[in-house]
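Pasting run09.tsv here (TSV, C-alpha atoms):
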```
chain	number	residue	atom	x	y	z
A	6	MET	CA	172.42	52.34	-167.20
A	7	MET	CA	172.27	53.25	-163.54
A	8	ALA	CA	169.89	51.24	-161.38
A	9	PHE	CA	167.96	54.15	-159.95
A	10	SER	CA	166.35	57.34	-161.18
A	11	TRP	CA	168.63	60.34	-160.87
A	12	GLN	CA	167.45	63.39	-159.02
A	13	ARG	CA	169.02	66.83	-159.15
A	14	ALA	CA	172.77	67.08	-159.69
A	15	VAL	CA	174.88	69.46	-157.68
A	16	PHE	CA	178.41	70.56	-158.53
A	17	LEU	CA	180.60	70.93	-155.47
A	18	SER	CA	183.88	72.78	-155.94
A	19	LEU	CA	186.29	71.98	-153.17
A	20	ALA	CA	189.23	74.02	-154.44
A	21	ALA	CA	190.58	76.90	-152.42
A	22	ALA	CA	190.50	79.20	-155.44
A	23	MET	CA	190.41	79.01	-159.21
A	24	LEU	CA	193.46	80.12	-161.10
A	25	VAL	CA	192.91	83.69	-162.21
A	26	TYR	CA	193.95	82.93	-165.79
A	27	ALA	CA	191.54	80.03	-166.36
A	28	ASP	CA	187.93	78.96	-166.19
A	29	MET	CA	186.42	75.49	-165.69
A	30	LYS	CA	182.91	74.48	-166.68
A	31	LEU	CA	181.37	71.26	-165.45
A	32	ASP	CA	178.28	69.46	-166.74
A	33	CYS	CA	177.29	66.48	-164.56
A	34	GLY	CA	175.06	63.89	-166.21
A	35	PRO	CA	173.57	60.75	-164.66
A	36	ASP	CA	176.29	58.48	-166.08
A	37	SER	CA	178.92	60.88	-167.38
A	38	VAL	CA	180.52	64.27	-167.03
A	39	THR	CA	181.82	66.96	-169.38
A	40	VAL	CA	184.70	69.14	-168.19
A	41	VAL	CA	185.81	72.16	-170.22
A	42	TRP	CA	188.96	73.95	-169.11
A	43	THR	CA	189.55	77.31	-170.81
A	44	GLU	CA	193.09	78.60	-170.44
A	45	GLY	CA	194.13	82.24	-170.74
A	46	ARG	CA	197.89	81.68	-170.70
A	47	SER	CA	199.44	81.29	-174.11
A	48	GLN	CA	202.36	79.30	-172.66
A	49	ALA	CA	200.15	76.43	-171.46
A	50	ASP	CA	200.22	73.13	-173.41
A	51	LEU	CA	196.66	71.86	-173.00
A	52	SER	CA	197.55	68.36	-174.21
A	53	LEU	CA	199.20	67.88	-170.80
A	54	PHE	CA	195.86	67.97	-168.95
A	55	ARG	CA	194.57	64.72	-167.46
A	56	LEU	CA	191.27	63.90	-165.77
A	57	GLY	CA	192.24	61.04	-163.51
A	58	SER	CA	193.79	58.55	-165.93
A	59	CYS	CA	192.13	60.00	-169.05
A	60	PHE	CA	193.61	62.19	-171.79
A	61	PRO	CA	191.51	65.07	-173.16
A	62	THR	CA	188.74	64.05	-175.52
A	63	SER	CA	189.74	67.09	-177.55
A	64	PHE	CA	191.89	70.17	-177.09
A	65	SER	CA	192.84	73.38	-178.84
A	66	ALA	CA	195.17	76.29	-178.11
A	67	THR	CA	192.80	77.57	-175.43
A	68	GLN	CA	190.57	74.67	-174.31
A	69	ALA	CA	190.88	71.11	-173.01
A	70	VAL	CA	187.63	69.12	-173.14
A	71	PHE	CA	186.81	65.83	-171.40
A	72	ARG	CA	183.61	63.88	-172.12
A	73	VAL	CA	183.84	60.72	-170.04
A	74	ASP	CA	181.75	58.17	-168.15
A	75	PHE	CA	181.97	57.82	-164.38
A	76	ASN	CA	183.06	54.22	-164.99
A	77	ASP	CA	186.23	55.54	-166.66
A	78	CYS	CA	189.23	57.65	-165.62
A	79	ASN	CA	189.42	56.19	-162.08
A	80	PHE	CA	186.52	58.21	-160.70
A	81	ARG	CA	185.98	57.67	-156.98
A	82	ARG	CA	182.45	57.06	-155.72
A	83	LEU	CA	181.35	57.91	-152.18
A	84	VAL	CA	178.04	57.95	-150.34
A	85	THR	CA	178.02	60.82	-147.85
A	86	GLY	CA	174.82	61.70	-146.05
A	87	ASP	CA	172.13	62.44	-148.62
A	88	TYR	CA	174.51	62.55	-151.58
A	89	LEU	CA	176.12	60.13	-153.97
A	90	MET	CA	179.39	61.72	-155.05
A	91	TYR	CA	181.77	61.07	-157.94
A	92	SER	CA	185.16	62.75	-157.59
A	93	ASN	CA	188.36	62.95	-159.55
A	94	ASP	CA	191.35	65.25	-160.07
A	95	LEU	CA	192.03	67.43	-163.07
A	96	THR	CA	195.81	67.72	-163.27
A	97	TYR	CA	198.20	69.71	-165.38
A	98	GLY	CA	201.75	68.42	-165.51
A	99	SER	CA	204.47	70.69	-166.84
A	100	SER	CA	208.15	71.34	-166.27
A	101	ASP	CA	207.79	74.92	-167.55
A	102	SER	CA	208.01	77.43	-164.69
A	103	LYS	CA	205.80	79.84	-166.67
A	104	SER	CA	202.98	77.26	-166.59
A	105	PRO	CA	203.46	75.38	-163.29
A	106	SER	CA	201.82	72.04	-162.58
A	107	PHE	CA	198.64	71.98	-160.50
A	108	THR	CA	195.68	69.81	-159.49
A	109	HIS	CA	192.03	70.88	-159.38
A	110	PRO	CA	189.24	68.72	-157.90
A	111	VAL	CA	186.23	67.70	-159.99
A	112	VAL	CA	183.17	66.59	-158.00
A	113	CYS	CA	179.64	65.71	-159.10
A	114	ALA	CA	177.07	65.09	-156.36
A	115	PHE	CA	173.60	63.65	-156.81
A	116	ALA	CA	170.69	63.48	-154.40
A	117	ARG	CA	170.60	59.93	-153.07
A	118	PRO	CA	167.24	58.13	-153.39
A	119	LYS	CA	166.13	56.65	-150.07
A	120	ASP	CA	165.73	53.16	-151.49
A	121	TRP	CA	169.16	53.09	-153.13
A	122	TYR	CA	172.06	50.96	-151.95
A	123	PRO	CA	175.57	50.73	-153.39
A	124	MET	CA	176.22	48.64	-156.48
A	125	ILE	CA	179.38	47.80	-158.32
A	126	TYR	CA	178.85	48.86	-161.92
A	127	ASP	CA	182.36	48.59	-163.28
A	128	PRO	CA	183.41	46.33	-164.69
A	129	VAL	CA	180.72	43.97	-165.97
A	130	PHE	CA	182.69	40.81	-166.54
A	131	SER	CA	182.65	38.46	-169.48
A	132	THR	CA	184.29	35.13	-168.84
A	133	VAL	CA	184.27	31.64	-170.29
A	134	GLY	CA	181.06	29.76	-169.51
A	135	VAL	CA	179.35	32.43	-167.40
A	136	GLY	CA	178.80	35.49	-169.59
A	137	HIS	CA	178.21	38.94	-168.06
A	138	LEU	CA	178.17	39.36	-164.28
A	139	VAL	CA	177.39	42.34	-162.07
A	140	PHE	CA	178.68	42.41	-158.50
A	141	HIS	CA	176.87	44.12	-155.60
A	142	ILE	CA	177.85	44.91	-152.02
A	143	ALA	CA	175.76	46.82	-149.49
A	144	LEU	CA	175.07	47.60	-145.86
A	145	MET	CA	171.77	45.99	-144.91
A	146	ASN	CA	169.25	46.53	-142.13
A	147	VAL	CA	170.18	45.11	-138.75
A	148	ASP	CA	167.17	42.88	-138.20
A	149	ASP	CA	167.03	40.47	-141.12
A	150	PHE	CA	169.03	41.67	-144.15
A	151	SER	CA	165.70	42.31	-145.90
A	152	GLY	CA	166.60	45.77	-147.22
A	153	PRO	CA	169.27	48.46	-147.37
A	154	ALA	CA	170.49	50.00	-144.11
A	155	GLU	CA	168.68	53.13	-142.97
A	156	SER	CA	171.78	54.33	-141.12
A	157	THR	CA	175.52	54.05	-141.65
A	158	THR	CA	176.35	54.67	-137.97
A	159	PHE	CA	176.92	51.65	-135.72
A	160	ALA	CA	177.58	51.37	-131.99
A	161	LEU	CA	180.80	49.68	-130.90
A	162	GLY	CA	180.10	45.96	-130.41
A	163	SER	CA	176.89	45.99	-132.45
A	164	PHE	CA	176.62	44.08	-135.70
A	165	ILE	CA	177.15	45.58	-139.14
A	166	PRO	CA	175.13	43.55	-141.68
A	167	ILE	CA	176.88	43.31	-145.04
A	168	MET	CA	175.56	41.47	-148.08
A	169	ALA	CA	177.57	40.76	-151.22
A	170	SER	CA	176.02	39.24	-154.31
A	171	VAL	CA	176.50	38.62	-158.00
A	172	SER	CA	173.70	38.75	-160.57
A	173	GLN	CA	173.51	35.69	-162.81
A	174	LYS	CA	170.10	35.61	-164.48
A	175	THR	CA	171.12	33.50	-167.45
A	176	HIS	CA	174.38	32.02	-166.25
A	177	GLN	CA	175.52	28.74	-164.83
A	178	PRO	CA	175.31	28.74	-161.00
A	179	LEU	CA	178.21	30.46	-159.25
A	180	LEU	CA	179.20	30.71	-155.61
A	181	LEU	CA	179.88	34.22	-154.29
A	182	LEU	CA	182.88	34.47	-151.94
A	183	LEU	CA	184.73	37.24	-150.13
A	184	GLU	CA	188.40	36.50	-150.59
A	185	GLU	CA	189.72	39.48	-148.65
A	186	CYS	CA	188.31	42.44	-146.70
A	187	VAL	CA	190.10	45.13	-144.71
A	188	ALA	CA	188.85	48.27	-142.99
A	189	ALA	CA	190.60	51.59	-143.55
A	190	THR	CA	189.87	55.25	-142.87
A	191	THR	CA	190.39	56.19	-146.52
A	192	PRO	CA	188.36	55.34	-149.65
A	193	GLU	CA	191.55	54.33	-151.44
A	194	LEU	CA	194.25	52.02	-150.10
A	195	GLN	CA	197.84	53.21	-150.22
A	196	PRO	CA	201.01	51.19	-149.46
A	197	ASP	CA	201.30	52.91	-146.07
A	198	SER	CA	197.58	52.80	-145.20
A	199	LEU	CA	196.69	51.54	-141.73
A	200	VAL	CA	194.18	48.71	-142.11
A	201	TYR	CA	192.18	46.38	-139.89
A	202	PRO	CA	192.00	42.84	-141.35
A	203	ILE	CA	188.51	41.34	-141.51
A	204	ILE	CA	188.84	38.55	-144.06
A	205	ALA	CA	192.29	37.31	-145.05
A	206	ASN	CA	194.18	34.22	-146.18
A	207	LYS	CA	191.83	33.49	-149.09
A	208	GLY	CA	188.43	33.59	-147.38
A	209	CYS	CA	189.18	33.22	-143.65
A	210	LEU	CA	187.06	35.52	-141.47
A	211	VAL	CA	189.99	36.30	-139.18
A	212	ASP	CA	187.99	38.87	-137.22
A	213	SER	CA	185.79	36.02	-135.93
A	214	ARG	CA	188.68	34.75	-133.81
A	215	MET	CA	188.41	37.75	-131.50
A	216	SER	CA	184.78	38.78	-131.94
A	217	GLY	CA	181.29	37.53	-132.66
A	218	SER	CA	181.59	38.16	-136.39
A	219	LYS	CA	180.24	35.36	-138.56
A	220	PHE	CA	178.94	34.38	-141.97
A	221	GLU	CA	175.19	33.85	-141.98
A	222	PRO	CA	173.71	30.65	-143.48
A	223	ARG	CA	173.32	30.93	-147.24
A	224	GLN	CA	169.93	31.27	-148.86
A	225	LYS	CA	171.34	31.66	-152.37
A	226	SER	CA	174.69	30.54	-153.72
A	227	SER	CA	175.07	33.94	-155.40
A	228	GLU	CA	174.77	35.81	-152.08
A	229	LEU	CA	176.98	35.99	-149.02
A	230	LYS	CA	175.86	37.62	-145.79
A	231	LEU	CA	178.33	38.78	-143.14
A	232	SER	CA	177.46	39.91	-139.62
A	233	LEU	CA	180.51	41.98	-138.71
A	234	GLN	CA	180.85	43.04	-135.10
A	235	ALA	CA	181.72	46.74	-134.92
A	236	PHE	CA	185.38	47.21	-133.93
A	237	ARG	CA	187.50	49.95	-132.37
A	238	PHE	CA	189.59	50.62	-135.45
A	239	GLY	CA	188.79	54.10	-136.78
A	240	LEU	CA	186.41	54.76	-133.89
A	241	GLY	CA	184.47	57.95	-134.54
A	242	GLN	CA	185.97	58.39	-138.01
A	243	GLU	CA	184.67	57.54	-141.46
A	244	VAL	CA	185.55	53.89	-142.14
A	245	PHE	CA	185.67	52.20	-145.53
A	246	ILE	CA	185.62	48.43	-146.04
A	247	HIS	CA	187.71	47.27	-149.00
A	248	CYS	CA	186.85	43.79	-150.29
A	249	LYS	CA	187.71	41.43	-153.10
A	250	LEU	CA	184.62	39.58	-154.31
A	251	VAL	CA	184.92	36.31	-156.18
A	252	ALA	CA	182.25	34.45	-158.18
A	253	TRP	CA	183.41	30.84	-158.34
A	254	ASP	CA	182.46	27.41	-159.59
A	255	PRO	CA	180.59	25.74	-156.66
A	256	ASN	CA	182.37	22.48	-157.48
A	257	GLY	CA	185.78	24.12	-157.51
A	258	LEU	CA	186.25	24.93	-153.83
A	259	ASP	CA	189.74	24.51	-152.42
A	260	ARG	CA	192.01	26.07	-149.81
A	261	THR	CA	192.07	29.38	-151.72
A	262	LYS	CA	188.35	29.57	-152.60
A	263	LYS	CA	186.25	29.17	-149.48
A	264	ALA	CA	184.30	30.95	-146.75
A	265	CYS	CA	185.56	30.00	-143.27
A	266	TYR	CA	184.76	31.41	-139.85
A	267	TYR	CA	185.78	30.57	-136.29
A	268	VAL	CA	183.10	28.72	-134.34
A	269	LYS	CA	182.92	28.99	-130.55
A	270	GLU	CA	179.69	27.11	-129.83
A	271	HIS	CA	180.99	23.52	-129.77
A	272	GLY	CA	181.53	23.23	-126.02
A	273	HIS	CA	185.15	23.99	-125.24
A	274	GLU	CA	186.29	23.11	-128.74
A	275	LEU	CA	187.23	26.04	-130.93
A	276	SER	CA	187.60	25.41	-134.64
A	277	TRP	CA	187.39	26.83	-138.14
A	278	GLU	CA	184.27	25.82	-140.06
A	279	LEU	CA	183.46	25.92	-143.76
A	280	LEU	CA	180.24	27.84	-144.36
A	281	ASP	CA	179.03	25.84	-147.33
A	282	ASN	CA	179.71	22.28	-146.20
A	283	TYR	CA	180.75	21.46	-142.65
A	284	ALA	CA	181.99	18.03	-143.78
A	285	TYR	CA	184.76	19.72	-145.76
A	286	SER	CA	185.92	22.05	-143.00
A	287	THR	CA	189.43	20.68	-143.36
A	288	LEU	CA	189.74	23.23	-146.17
A	289	CYS	CA	189.82	25.80	-143.36
A	290	ASP	CA	192.71	24.20	-141.46
A	291	CYS	CA	195.13	26.51	-143.24
A	292	CYS	CA	193.45	29.65	-141.83
A	293	ASP	CA	196.01	29.74	-139.02
A	294	SER	CA	198.94	29.33	-141.43
A	295	ASP	CA	199.08	29.99	-145.18
A	296	CYS	CA	196.33	28.95	-147.57
A	297	LYS	CA	197.79	27.91	-150.90
A	298	SER	CA	196.09	26.03	-153.69
A	299	ARG	CA	197.23	22.67	-154.96
A	300	ARG	CA	195.48	23.40	-158.26
A	301	THR	CA	197.48	24.38	-161.32
A	302	ARG	CA	194.66	26.48	-162.78
A	303	SER	CA	193.73	29.82	-161.27
A	304	ILE	CA	190.96	32.40	-161.46
A	305	GLU	CA	193.04	34.56	-163.77
A	306	SER	CA	192.74	31.89	-166.45
A	307	GLY	CA	188.95	32.41	-166.50
A	308	THR	CA	188.40	28.69	-165.94
A	309	HIS	CA	186.42	28.82	-162.70
A	310	GLY	CA	185.17	32.37	-162.22
A	311	VAL	CA	185.91	36.08	-161.93
A	312	SER	CA	186.79	38.59	-159.23
A	313	GLN	CA	186.06	42.24	-158.50
A	314	LYS	CA	187.31	44.72	-155.91
A	315	ALA	CA	184.75	46.84	-154.07
A	316	VAL	CA	184.69	49.61	-151.47
A	317	LEU	CA	181.83	49.93	-149.00
A	318	GLY	CA	181.30	53.09	-146.99
A	319	PRO	CA	181.74	55.42	-145.42
A	320	LEU	CA	180.34	54.12	-142.16
A	321	ILE	CA	180.98	55.39	-138.62
A	322	ILE	CA	181.48	53.34	-135.45
A	323	THR	CA	180.72	55.14	-132.20
A	324	ASP	CA	181.40	54.32	-128.55
A	325	GLU	CA	178.16	55.08	-126.73
A	326	THR	CA	179.77	54.46	-123.35
A	327	ALA	CA	182.42	57.16	-123.80
```

In structure tokens, how does this file's structure come out?
Amino acid sequence: MMAFSWQRAVFLSLAAAMLVYADMKLDCGPDSVTVVWTEGRSQADLSLFRLGSCFPTSFSATQAVFRVDFNDCNFRRLVTGDYLMYSNDLTYGSSDSKSPSFTHPVVCAFARPKDWYPMIYDPVFSTVGVGHLVFHIALMNVDDFSGPAESTTFALGSFIPIMASVSQKTHQPLLLLLEECVAATTPELQPDSLVYPIIANKGCLVDSRMSGSKFEPRQKSSELKLSLQAFRFGLGQEVFIHCKLVAWDPNGLDRTKKACYYVKEHGHELSWELLDNYAYSTLCDCCDSDCKSRRTRSIESGTHGVSQKAVLGPLIITDETA
């Protein structure tokens, strides 16, 4: 179930024009969508329709029907202004010139409650020893991280408060880490996407080397707070922050599972520091080279924890001096 009460749903069609021989009906629900494509061309093979990665739930000689959850079919989720939007592409792939291939956008938009902040609903993990986990990531208010951000626009050089967490009501304690984060101007990363590295090399806050970005002291092991100094990358454009979240055994930290940032307050000495235990900051020495684990077991084995990718945004960075 979604974590907030749904308000009115709005269907937004972004296509230039519907095909004159077809009709599409869309029914947006709070957690799912029904798409009915009615085709007037007898040559069309409706089994060739796809909604994202999903095959039709059912089809006949004239209709292709999809009844799917937003957690399925590779739906994209965006928060834009006052709307929470789920989008996907309905595609028809054919080599027959009488029924050419095409793509048609499918978008459901919902009024965004003022007290809502982004959550990661899919997937809910099940892993050995920890049961079901739900990951969260959100922009928080600038003053004290006490609530969701009221604005997604930040001045260049100001701080962008980000909080990641994992729910674990009945589970053994886990430590939430950010293994990797990059900024991009697109909600999906492509091989040729231009990115700005924020966290790299298995938990090193590389942006802190050239800025005031830092991890804030932990209050809960299941939460991680990042004060990210607003950068020039994507200035004035919509920016999306792509992260890999990891919930890990607190006793299993190593060179690949850590939270390190560059500290500039120790006189003239500049050094990498481990957020969770300064005495073990040698785990961060690899941040300037290549952080590899000496362990033979990995997260994929399910021994120590689980991971989840998340996208935060869009947010906009502005230059108020320009």

Is there a way to get, as a PDB file with C-alpha atoms, keeping the file's coordinate frame, all residues within 12 Å of the point (176.9, 65.8, -170.0) in file coordinates, counting all atoms listed in the file?
```pdb
ATOM      1  CA  ALA A  14     172.770  67.080-159.690  1.00  0.00           C
ATOM      2  CA  LYS A  30     182.910  74.480-166.680  1.00  0.00           C
ATOM      3  CA  LEU A  31     181.370  71.260-165.450  1.00  0.00           C
ATOM      4  CA  ASP A  32     178.280  69.460-166.740  1.00  0.00           C
ATOM      5  CA  CYS A  33     177.290  66.480-164.560  1.00  0.00           C
ATOM      6  CA  GLY A  34     175.060  63.890-166.210  1.00  0.00           C
ATOM      7  CA  PRO A  35     173.570  60.750-164.660  1.00  0.00           C
ATOM      8  CA  ASP A  36     176.290  58.480-166.080  1.00  0.00           C
ATOM      9  CA  SER A  37     178.920  60.880-167.380  1.00  0.00           C
ATOM     10  CA  VAL A  38     180.520  64.270-167.030  1.00  0.00           C
ATOM     11  CA  THR A  39     181.820  66.960-169.380  1.00  0.00           C
ATOM     12  CA  VAL A  40     184.700  69.140-168.190  1.00  0.00           C
ATOM     13  CA  VAL A  41     185.810  72.160-170.220  1.00  0.00           C
ATOM     14  CA  VAL A  70     187.630  69.120-173.140  1.00  0.00           C
ATOM     15  CA  PHE A  71     186.810  65.830-171.400  1.00  0.00           C
ATOM     16  CA  ARG A  72     183.610  63.880-172.120  1.00  0.00           C
ATOM     17  CA  VAL A  73     183.840  60.720-170.040  1.00  0.00           C
ATOM     18  CA  ASP A  74     181.750  58.170-168.150  1.00  0.00           C
ATOM     19  CA  PHE A  75     181.970  57.820-164.380  1.00  0.00           C
ATOM     20  CA  CYS A 113     179.640  65.710-159.100  1.00  0.00           C
TER      21      CYS A 113
END
```

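Coordinates place atom CA of A:Arg260 at a distance of 10.5 Å from atom CA of A:Leu279.
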
- Message: Quick one: residues within 9 Å of A:Glu193, only C-alpha atoms, excluding same-chain residues fewer than 6 positions away - as a PyMOL selection string?
- Response: chain A and resi 81+245+247+316

- Query: What is the distance, in Å and to one decimal place, between atom CA of A:Gly318 and atom CA of A:Tyr201?
  - Reply: 14.6 Å

- Task: Tell me, as a PyMOL selection string, which residues lie within 12 Å of A:Leu320, counting all atoms listed in the file; anything in the same chain fewer than 3 positions away does not count.
- Result: chain A and resi 83-86+143-144+154-160+165-167+188-192+235-236+238-246+316-317+323

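With distances restricted to all atoms listed in the file, A:Trp253 is the closest residue to A:Ser312 from A:Phe115, A:Phe164, A:Trp253, A:Tyr266.
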
Env of A:Val171: 10 Å cut, atoms = all atoms listed in the file, seq-sep filter 6 positions within chain, self excluded. Answer as a compact mmCIF listing (two decimals) with C-alpha atoms, keeping the file's coordinate frame.
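Contents of the output file result-v4.txt:
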```
# COMPACT_ATOMS: atom_id res chain seq x y z
CA ILE A 125 179.38 47.80 -158.32
CA LEU A 138 178.17 39.36 -164.28
CA VAL A 139 177.39 42.34 -162.07
CA PHE A 140 178.68 42.41 -158.50
CA HIS A 141 176.87 44.12 -155.60
CA ILE A 142 177.85 44.91 -152.02
CA LEU A 179 178.21 30.46 -159.25
CA LEU A 180 179.20 30.71 -155.61
CA LEU A 181 179.88 34.22 -154.29
CA LEU A 182 182.88 34.47 -151.94
CA SER A 226 174.69 30.54 -153.72
CA SER A 227 175.07 33.94 -155.40
CA GLU A 228 174.77 35.81 -152.08
CA LEU A 229 176.98 35.99 -149.02
CA LEU A 250 184.62 39.58 -154.31
CA VAL A 251 184.92 36.31 -156.18
CA ALA A 252 182.25 34.45 -158.18
```

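With atom CA of A:Leu258 on one side and atom CA of A:Pro153 on the other, the separation reads 29.7 Å.
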
- Message: So, with only C-alpha atoms as the atoms that count, which of A:Ala169, A:Leu183, A:Leu53, A:Arg237 lies closest to A:Val200?
- Response: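 Smallest separation from A:Val200 among the options: A:Arg237.
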
- Message: Would you pick out the contacts of A:Ile204 at 10 Å or less, using all atoms listed in the file, so that residues sharing its chain but fewer than 5 positions from it are not included, and give the list as a ChimeraX atom specification?
- Response: /A:183-188,209-213,248-249,264-266

- Best match for closeness to A:Phe220 among A:Asp254, A:Lys207, A:Gly162, A:Lys263, counting all atoms listed in the file: A:Lys263

- Message: Here is a test: counting all atoms listed in the file, which residue of A:Ser170, A:Gln68, A:Ser63, A:Asn79 is nearest to A:Trp42?
- Response: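 Looking at the shortest contact to A:Trp42, the residue is A:Gln68.
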
- Using all atoms listed in the file: which of A:Tyr267, A:Phe107, A:Tyr97, A:Tyr91 has the shortest distance to A:Asp290: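 Ranking A:Tyr267, A:Phe107, A:Tyr97, A:Tyr91 by distance to A:Asp290, first place goes to A:Tyr267.
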
Box centre and edge lengths (Å, one decimal), axis-aligned, stretch 252-261 of chain A plus 8 Å each side, as AutoDock Vina command-line options:
```
--center_x 186.3 --center_y 28.5 --center_z -154.7 --size_x 27.5 --size_y 28.0 --size_z 25.8
```
